[in-house]
Amino acid sequence: QSSAGTPLNYPRHPSIRHGGLFPWPVAFLMGNITVEDVNGRQKATRASSFIFRWAVTPDAAPKAAILQWEKAFLHKVMDWTPEFRDKHGIELLRYARRTPEDELANSFYPLMEFLIRMGCCGLVVGIYCVVANLSGFGNGHKSKLVPAIMGLVSAVLGSFLGFGIVYSAGFKHVVTMEVTPYLCMGIGVNDLLVILNAYAPASQIEADPMKKCARTMKDSGLAITITTLANVIAFGIGAS
């Protein structure tokens, strides 16, 4: 129940947080929820479990004080566990971990020496990519820059078409879909380079443009199909 003694709104219950109104998801913090209709509104009347979360940031207190508080809190919950189990039939479980912000800070801020090495490697790779992309510019199938751009455009258009079909079918938007265009661009450029590698020998064997394209797709179609199927299966497994 809320502080007023009324059942919580479902699926989101508004609460005051940091001076503002924050609708928190009830199903995210409660388990085995019983939802009932109360005066025409969905209410969560019962639940078998509830999660209490405390996020202590370094801005609140020094790190040593936070660690002492965490240790004392875990010991306190351990002392409460038998009492709550015997008197109220409630099982208390304790768990402590580093905050996501702290973990991300350690991941994205490595040592300066490592950054210098990565910067040098990136500079070398960047120079090579510029030289390789500009080689053969405007020379038919030897050009790499213009076909790569065409591959990017085709992948983006295909992503927008897929979004339209998915949204028209009634599927909801999820965060994972926001990175899908970038993945499709990588896959599209890779497939286009495979086609170009197959087109180079085909252009020397066949003179007719139709036969060139037919031979090119015959040589590169199997690799592209297998790669696409592997990506579809991987995304399907991840979505499930």
# chains A, B, ... in the order shown; residues from 1 in each chain; ligands from 1
call {"tool": "select_by_dssp", "arguments": {"residues": "segment 30-79 of chain A", "states": "alpha helix (DSSP H)", "output": "JSON, numbers by chain"}}
result
{"A": [63, 64, 65, 66, 67, 68, 69, 70, 71, 72, 73, 74, 75, 76, 77, 78, 79]}
call {"tool": "residues_around", "arguments": {"residues": "segment 68-82 of chain A", "least_positions_apart": "5", "cutoff": "8 Å", "atoms": "only C-alpha atoms", "output": "MDAnalysis selection string"}}
result
chainID A and resid 91:96
call {"tool": "write_last_selection", "arguments": {"atoms": "C-alpha atoms", "output": "PDB file, in the first residue's frame"}}
result
ATOM      1  CA  GLU A  91      11.997 -13.931   4.280  1.00  0.00           C
ATOM      2  CA  LEU A  92      14.605 -11.169   3.977  1.00  0.00           C
ATOM      3  CA  LEU A  93      17.372 -11.496   1.403  1.00  0.00           C
ATOM      4  CA  ARG A  94      20.327  -9.123   1.183  1.00  0.00           C
ATOM      5  CA  TYR A  95      22.465  -8.286  -1.807  1.00  0.00           C
ATOM      6  CA  ALA A  96      24.989  -5.511  -2.432  1.00  0.00           C
TER       7      ALA A  96
END
call {"tool": "residues_around", "arguments": {"residues": "segment 25-27 of chain A", "least_positions_apart": "4", "cutoff": "7 Å", "atoms": "only C-alpha atoms", "output": "PyMOL selection string"}}
result
chain A and resi 10-13+31
call {"tool": "write_last_selection", "arguments": {"atoms": "C-alpha atoms", "output": "mmCIF file, in the first residue's frame"}}
result
data_model
loop_
_atom_site.group_PDB
_atom_site.id
_atom_site.type_symbol
_atom_site.label_atom_id
_atom_site.label_comp_id
_atom_site.auth_asym_id
_atom_site.auth_seq_id
_atom_site.Cartn_x
_atom_site.Cartn_y
_atom_site.Cartn_z
ATOM 1 C CA TYR A 10 -0.876 -0.591 -11.683
ATOM 2 C CA PRO A 11 1.228 -0.797 -13.828
ATOM 3 C CA ARG A 12 2.852 2.460 -12.582
ATOM 4 C CA HIS A 13 2.453 4.180 -9.253
ATOM 5 C CA GLY A 31 6.575 -10.255 -7.607
#
call {"tool": "residues_around", "arguments": {"residues": "Leu222 of chain A", "least_positions_apart": "4", "cutoff": "12 Å", "atoms": "only C-alpha atoms", "output": "PyMOL selection string"}}
result
chain A and resi 191+194-195+198+216-218+226-229
call {"tool": "residues_around", "arguments": {"residues": "Asn231 of chain A", "least_positions_apart": "3", "cutoff": "12 Å", "atoms": "only C-alpha atoms", "output": "PyMOL selection string"}}
result
chain A and resi 180+183-184+186-187+224-228+234-238
call {"tool": "residues_around", "arguments": {"residues": "Gly151 of chain A", "least_positions_apart": "4", "cutoff": "12 Å", "atoms": "only C-alpha atoms", "output": "PyMOL selection string"}}
result
chain A and resi 144-147+155-158+184-196
call {"tool": "atom_distance", "arguments": {"atom1": "atom CA of Arg53 of chain A", "atom2": "atom CA of Glu36 of chain A"}}
result
25.8 Å
call {"tool": "closest_residue", "arguments": {"among": "A:Cys213, A:Ser159, A:Arg117, A:Cys129", "to": "Val179 of chain A", "atoms": "only C-alpha atoms"}}
result
A:Ser159
call {"tool": "closest_residue", "arguments": {"among": "A:Ser49, A:Ala64, A:Lys43, A:Phe28", "to": "Thr6 of chain A", "atoms": "only C-alpha atoms"}}
result
A:Lys43
call {"tool": "select_by_dssp", "arguments": {"residues": "segment 1-225 of chain A", "states": "strand (DSSP E or B)", "output": "number ranges by chain"}}
result
A: 8-9, 12-17, 20-25, 30-31, 34-38, 41-46, 49-50
call {"tool": "write_last_selection", "arguments": {"atoms": "C-alpha atoms", "output": "JSON list (two decimals), in the first residue's frame"}}
result
[["chain", "number", "residue", "atom", "x", "y", "z"],
["A", 8, "LEU", "CA", -0.82, 0.95, -5.47],
["A", 9, "ASN", "CA", -1.74, 1.97, -9.00],
["A", 12, "ARG", "CA", 2.85, 2.46, -12.58],
["A", 13, "HIS", "CA", 2.45, 4.18, -9.25],
["A", 14, "PRO", "CA", 3.35, 7.88, -8.91],
["A", 15, "SER", "CA", 5.66, 8.90, -6.09],
["A", 16, "ILE", "CA", 7.58, 12.03, -5.16],
["A", 17, "ARG", "CA", 11.28, 11.71, -5.89],
["A", 20, "GLY", "CA", 9.23, 15.76, -8.64],
["A", 21, "LEU", "CA", 6.56, 13.19, -9.48],
["A", 22, "PHE", "CA", 8.08, 9.90, -10.61],
["A", 23, "PRO", "CA", 5.89, 7.01, -11.89],
["A", 24, "TRP", "CA", 7.77, 3.87, -10.86],
["A", 25, "PRO", "CA", 6.94, 0.47, -12.44],
["A", 30, "MET", "CA", 7.20, -6.59, -6.82],
["A", 31, "GLY", "CA", 6.58, -10.25, -7.61],
["A", 34, "THR", "CA", -2.58, -9.63, -7.75],
["A", 35, "VAL", "CA", -4.25, -6.91, -9.81],
["A", 36, "GLU", "CA", -7.87, -5.95, -9.12],
["A", 37, "ASP", "CA", -10.26, -3.33, -10.45],
["A", 38, "VAL", "CA", -10.92, -0.68, -7.81],
["A", 41, "ARG", "CA", -8.75, 1.67, -12.03],
["A", 42, "GLN", "CA", -6.21, -1.16, -11.97],
["A", 43, "LYS", "CA", -4.71, -1.60, -8.49],
["A", 44, "ALA", "CA", -2.02, -3.94, -7.13],
["A", 45, "THR", "CA", -3.70, -5.34, -4.00],
["A", 46, "ARG", "CA", -1.33, -8.20, -3.11],
["A", 49, "SER", "CA", 7.73, -10.25, -2.77],
["A", 50, "PHE", "CA", 9.00, -6.70, -2.75]]
call {"tool": "atom_distance", "arguments": {"atom1": "atom CA of Val125 of chain A", "atom2": "atom CA of Ala148 of chain A"}}
result
17.2 Å
